Amino acid sequence: MIPLVVDRPFLLPLVPFGVPAGFPSPALDFDCKAIDLHALLIGNAPATFLWRLSGWSMRDLGLGDGDLLMVDRSLKPLHGDIVVAEVDGDFTCKQLYQRGQEVKLLPANSEFPEIVFRDGQSLTISGVVTAAIKRFRHVRPR
């Protein structure tokens, strides 16, 4: 895995108010501030990498086939985190369930089974998913 190289800020305009997802509100003139996506999304650049999700087992948490996952290897995985894990040599993205001695990986789609560990199985958490990039329409570079 190649870590992200963050050598300069990546600034985009940020509209100073939320966009309603219910009834539309009248459009107003507004001033935009800039937001640095690196500062917002990357806590530890040398330990952060992108991984493209394959499949639909995390659909009900809004993650789908082709989404880019931002994964931070430096974070301690906690109960409820979405993680990239290696199970018996195969990688998967699931939600971590960890209560006492019970550890399992949960899908967010009822069509997929939970991963419950038995003696002899190996689990390595590769990193915690901290953000996702979802494309709705591909933009051609100019």
# chains A, B, ... in the order shown; residues from 1 in each chain; ligands from 1
>>> residues_around(residues="A:Leu69", least_positions_apart="6", cutoff="8 Å", atoms="only C-alpha atoms", output="PyMOL selection string")
chain A and resi 50-53+129-133
>>> select_by_dssp(residues="stretch 76-114 of chain A", states="strand (DSSP E or B)", output="ChimeraX atom specification")
/A:82-87,90-99,102-106
>>> residues_around(residues="A:Val116", least_positions_apart="6", cutoff="12 Å", atoms="only C-alpha atoms", output="JSON, numbers by chain")
{"A": [87, 94, 96, 97, 98, 102, 103, 104, 105, 106, 107, 122, 123]}
>>> closest_residue(among="A:Ser54, A:Pro113, A:Leu40, A:His138", to="A:Thr92", atoms="only C-alpha atoms")
A:Ser54
>>> atom_distance(atom1="atom CA of A:Pro46", atom2="atom CA of A:Arg59")
28.7 Å
>>> atom_distance(atom1="atom CA of A:Gly64", atom2="atom CA of A:His38")
23.0 Å
>>> atom_distance(atom1="atom CA of A:Val128", atom2="atom CA of A:Leu75")
6.4 Å
>>> closest_residue(among="A:Val83, A:Asp72, A:Gln101, A:Pro9", to="A:Ala34", atoms="only C-alpha atoms")
A:Pro9
>>> select_by_dssp(residues="stretch 15-119 of chain A", states="alpha helix (DSSP H)", output="list in words")
Leu37, His38, Ala39, Leu40 and Leu41 of chain A
>>> write_last_selection(atoms="N, CA, C and O atoms", output="PDB file, in the first residue's frame")
ATOM      1  N   LEU A  37      -9.242  20.132   1.972  1.00  0.00           N
ATOM      2  CA  LEU A  37      -9.664  18.736   2.034  1.00  0.00           C
ATOM      3  C   LEU A  37      -8.622  17.849   2.707  1.00  0.00           C
ATOM      4  O   LEU A  37      -8.969  16.891   3.389  1.00  0.00           O
ATOM      5  N   HIS A  38      -7.360  18.154   2.528  1.00  0.00           N
ATOM      6  CA  HIS A  38      -6.317  17.369   3.211  1.00  0.00           C
ATOM      7  C   HIS A  38      -6.488  17.474   4.727  1.00  0.00           C
ATOM      8  O   HIS A  38      -6.467  16.469   5.439  1.00  0.00           O
ATOM      9  N   ALA A  39      -6.650  18.688   5.227  1.00  0.00           N
ATOM     10  CA  ALA A  39      -6.793  18.884   6.669  1.00  0.00           C
ATOM     11  C   ALA A  39      -8.084  18.252   7.186  1.00  0.00           C
ATOM     12  O   ALA A  39      -8.119  17.729   8.295  1.00  0.00           O
ATOM     13  N   LEU A  40      -9.142  18.277   6.388  1.00  0.00           N
ATOM     14  CA  LEU A  40     -10.422  17.729   6.794  1.00  0.00           C
ATOM     15  C   LEU A  40     -10.420  16.200   6.811  1.00  0.00           C
ATOM     16  O   LEU A  40     -10.972  15.579   7.714  1.00  0.00           O
ATOM     17  N   LEU A  41      -9.767  15.583   5.835  1.00  0.00           N
ATOM     18  CA  LEU A  41      -9.901  14.139   5.635  1.00  0.00           C
ATOM     19  C   LEU A  41      -8.719  13.302   6.102  1.00  0.00           C
ATOM     20  O   LEU A  41      -8.862  12.103   6.284  1.00  0.00           O
TER      21      LEU A  41
END
